[in-house]
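Chemist: Below you will find the structure I want to go over with you.
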Amino acid sequence: MKVKDSEYLKRVRPLLGRLLEELTDRFPYASILAQDGTERSYSVSRRLRSINGGGRFSDRGFVVKVFNEGRWSEHSFNELTEEDLPRVVEAVVRGAAVRGPEGTGYREYEIPEAEPLKFKASTDFEIDPAELGDESILARLQAIRDRGFKAAEGLIDCRVNATWNRTSKLFLAPGRELEQNVMWMTGSVMAAAPRGQEIMASFVSYSNLGGAEVLGGMDGDVERVAKVALELTASEPLTPGEYECVCTPDVTGMIVHEAFGHGVEMDMFVKNRALAQKYVGEYVASPLVTMHDGAAKVPETGSYFFDDEGTLAHDTVIIEKGVLKRGISDYQSAKSLGTEPTGNGRRESFRRKAYTRMTNTWFEAGTDTLEDMIASVKDGLLLEEPSSGMEDPKNWGIQCMVNYAREIKDGKFTGRIFSPVVLTGYVPDLLKSITMMSDSAMLHGSGMCGKGYKEWVKVSDGGPYIKARIRLG
């Protein structure tokens with residue numbers, strides 16, 4: 001089934017058309033982005049049972065962008081009626097006339113050129129979470145929680161969460177009328193066990209570009225997560241050093257996202273804040289590595305049909321067989337650098353500026369089997385459950401947290417487990433050390449990505465199992 005149109009955007013569509021006509025009479029170029037989002041989150045644990053009807057991506061509103069005398073200006077608002085039209089036009093005109101103090105520098109732009117285009121597209125789903133209903137979703141989550149407690153005696157908690165989001169967007173500009181309806185759903189299972197004064201936890205996340213069918217995947221993992229939480233109570237601290245490592249696809253995804261994600265966001269190129277811009281055309285990774293970012297190639301939570309500047313979604317090959325080919329960009333950074341935008345102009349909401357942002361970011365699969373990868377490790381570790389990460393785009397440093405690592409000796413697991421694990425190092429050293437990649441790739445999209453500490457958007461990342469030498473602590 002297809003995600004339905006927003007009834008609200010249908011109602012205000014004629015007013016938006018009139019607003020665009022008035023603005024294009026006054027400015028060389030104008031565009032309007034309208035959005036209507038609904039989000040609901042659910043959580044159950046030993047003592048908690050909650051529903052949250054709001055969320056970061058549940059906004060409804062509009063942003064007008066106009067071009068005047070070589071500059072852009074924007075005006076956002078969250079209501080539009082017949083009576084509002086003159087007020088909105090006046091606010092846009094007034095904002096476009098504002099200039100900085102004398103001597104303030106600014107970048108000159110040209111009027112955007114885009115081929116006329118009109119289309120509407122919607123993502124697919126199997127089970128509508130809104131029709132399934134709050135009580136049915138909570139009952140499913142509670143059943144998963146209860147199986148977790150039964151699977152492992154001694155747990156102090158088992159928390160199960162789920163969130164769904166449905167967002168419709170309309171982009172209007174001269175000659176362009178783009179509509180999209182997108183729905184995703186995510187979930188997570190976390191089990192916690194006591195170790196003296198500590199709490200040891202295991203977790204797994206789920207995501208799809210779709211609906212409540214994601215709950216089916218959550219049913220099958222809770223027993224394993226509960227048992228791992230108990231297993232972690234016997235974990236040991238890891239001796240810092242460089243190790244031969246096999247990374248699970250979700251750990252690979254964290255490395256992809258942090259190692260070369262933000263570092264190739266080309267608004268950082270404009271500001272000379274990314275080392276990557278000096279290495280385009282050079283080897284920065286093993287020849288086994290091909291890296292993509294794009295909202296168009298794979299169906300995950302970072303997917304859409306057009307970005308918040310009206311650029312169609314792309315699939316951008318960032319690294320091809322180890323060579324850094326290009327970055328990703330929003331419209332303005334692309335034009336500043338003399339390149340074409342890649343469909344990565346994204347806003348946290350209609351209230352916020354568009355920045356270059358990642359979408360779905362991943363490594364292509366290789367040709368090795370996981371069994372062969374494990375068997376090839378003489379003395380090393382399997383890294384599992386990424387928890388957080390950060391990078392330094394100016395110096396290509398990376399630091400990530402992994403929940404635990406399993407010891408491998410002579411191609412077999414020894415039963416020893418280490419927790420927690422800090423993954424660090426210089427990005428090209430890590431990526432050039434990759435010697436094996438599994439023959440299938442997976443993406444995960446349960447998290448969000450900030451531009452620094454703010455400007456959050458929904459993303460996914462992933463790849464295959466990889467084997468590499470990694471500095472751990």
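Each chain of the structure tokens is named A, B, ... in the order shown, its residues numbered from 1; ligands are numbered from 1 in display order.
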Find the nearest atom pair between each residue of range 117-215 of chain A and range 417-425 of chain A for residues within 12 Å, count only C-alpha atoms, give distances in Å to one decimal, sort rows by chain and ascending number, and present the table as a Markdown table.
Modeler:
```
| residue | atom | partner | partner_atom | distance |
| --- | --- | --- | --- | --- |
| A:Ile199 | CA | A:Ser419 | CA | 11.9 |
| A:Met200 | CA | A:Ser419 | CA | 9.0 |
| A:Ala201 | CA | A:Ser419 | CA | 10.2 |
| A:Ser202 | CA | A:Ser419 | CA | 10.7 |
```
Chemist: Mind giving me the straight-line distance from CA of Gly263 in chain A to CA of Ile328 in chain A in Å, one decimal?
Modeler: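 These atoms are spaced 9.7 Å apart.
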Chemist: Give the strand (DSSP E or B) residues of range 136-357 of chain A, as DSSP finds them on the backbone, and put them as a PyMOL selection string.
Modeler: chain A and resi 157-173+176-195+198-208+236+241-247+265+283+291-294+306+312+315-320+323-324+328+345-346+355-356
Chemist: If you count only C-alpha atoms, which residues fall within 7 Å of range 313-325 of chain A, apart from same-chain ones fewer than 4 positions away, as a ChimeraX atom specification?
Modeler: /A:279-297,304-307,342-343
Chemist: Name all residues at most 8 Å from Leu370 in chain A (count only C-alpha atoms; drop same-chain ones fewer than 4 positions away) and give them as a ChimeraX atom specification.
Modeler: /A:374,438,465
Chemist: Quick one, how far is CA of Ala354 in chain A from CA of Glu309 in chain A?
Modeler: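 Taking CA of Ala354 in chain A as the start and CA of Glu309 in chain A as the end point, the length is 7.6 Å.
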Chemist: Got a sec: who's within 10 Å of Met373 in chain A, counting only C-alpha atoms, leaving out chain neighbours fewer than 2 positions off, as a list of chain:residue names?
Modeler: A:Cys245, A:Val246, A:Asp368, A:Thr369, A:Leu370, A:Glu371, A:Ala375, A:Ser376, A:Val377, A:Gly411, A:Thr435, A:Met436, A:Met437, A:Ser438, A:Tyr465, A:Ile466, A:Lys467
Chemist: Could you state the separation of CA of Asn161 in chain A and CA of Glu384 in chain A in Å, given to one decimal place?
Modeler: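 These two atoms are separated by 20.4 Å.
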Chemist: What lies within 10 Å of Val88 in chain A using only C-alpha atoms, ignoring chain neighbours under 3 positions off, as a list in words?
Modeler: Leu19, Leu23, Val64, His75, Ser76, Phe77, Glu79, Leu80, Glu83, Asp84, Leu85, Ala91, Val92, Val93 and Arg94 of chain A
Chemist: Within 12 Å of Ile144 in chain A, counting only C-alpha atoms, which residues qualify if same-chain residues fewer than 6 places away don't, as a PyMOL selection string?
Modeler: chain A and resi 43-46+137-138+150-151+158-162+187-191+215-226
Chemist: Here is a test: counting only C-alpha atoms, which residue of A:Ala114, A:Ser41, A:Lys227, A:Ser58 is nearest to Arg147 in chain A?
Modeler: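 Result for the nearest residue to Arg147 in chain A: A:Lys227.
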Chemist: Measuring between only C-alpha atoms, which one of A:Asp124, A:Glu22, A:Asp308, A:Asp134 shows the shortest distance to Ala34 in chain A?
Modeler: A:Asp308
Chemist: From the options A:Met401, A:Val182, A:His262, A:Asp372, which residue's atoms come nearest to Met1 in chain A, counting only C-alpha atoms?
Modeler: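 Closest candidate: A:Val182.
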Chemist: Nearest to Leu16 in chain A: which of A:Pro240, A:Gly61, A:Gly95, A:Gly253 is it, counting only C-alpha atoms?
Modeler: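 The shortest atom-to-atom distance to Leu16 in chain A comes from A:Gly61.
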Chemist: Check the smallest atom-to-atom distance from each of A:Arg176, A:Arg351, A:Arg13, A:Lys278 to Ser31 in chain A using only C-alpha atoms, then report the winner.
Modeler: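 Among the listed residues, A:Arg176 lies closest to Ser31 in chain A.
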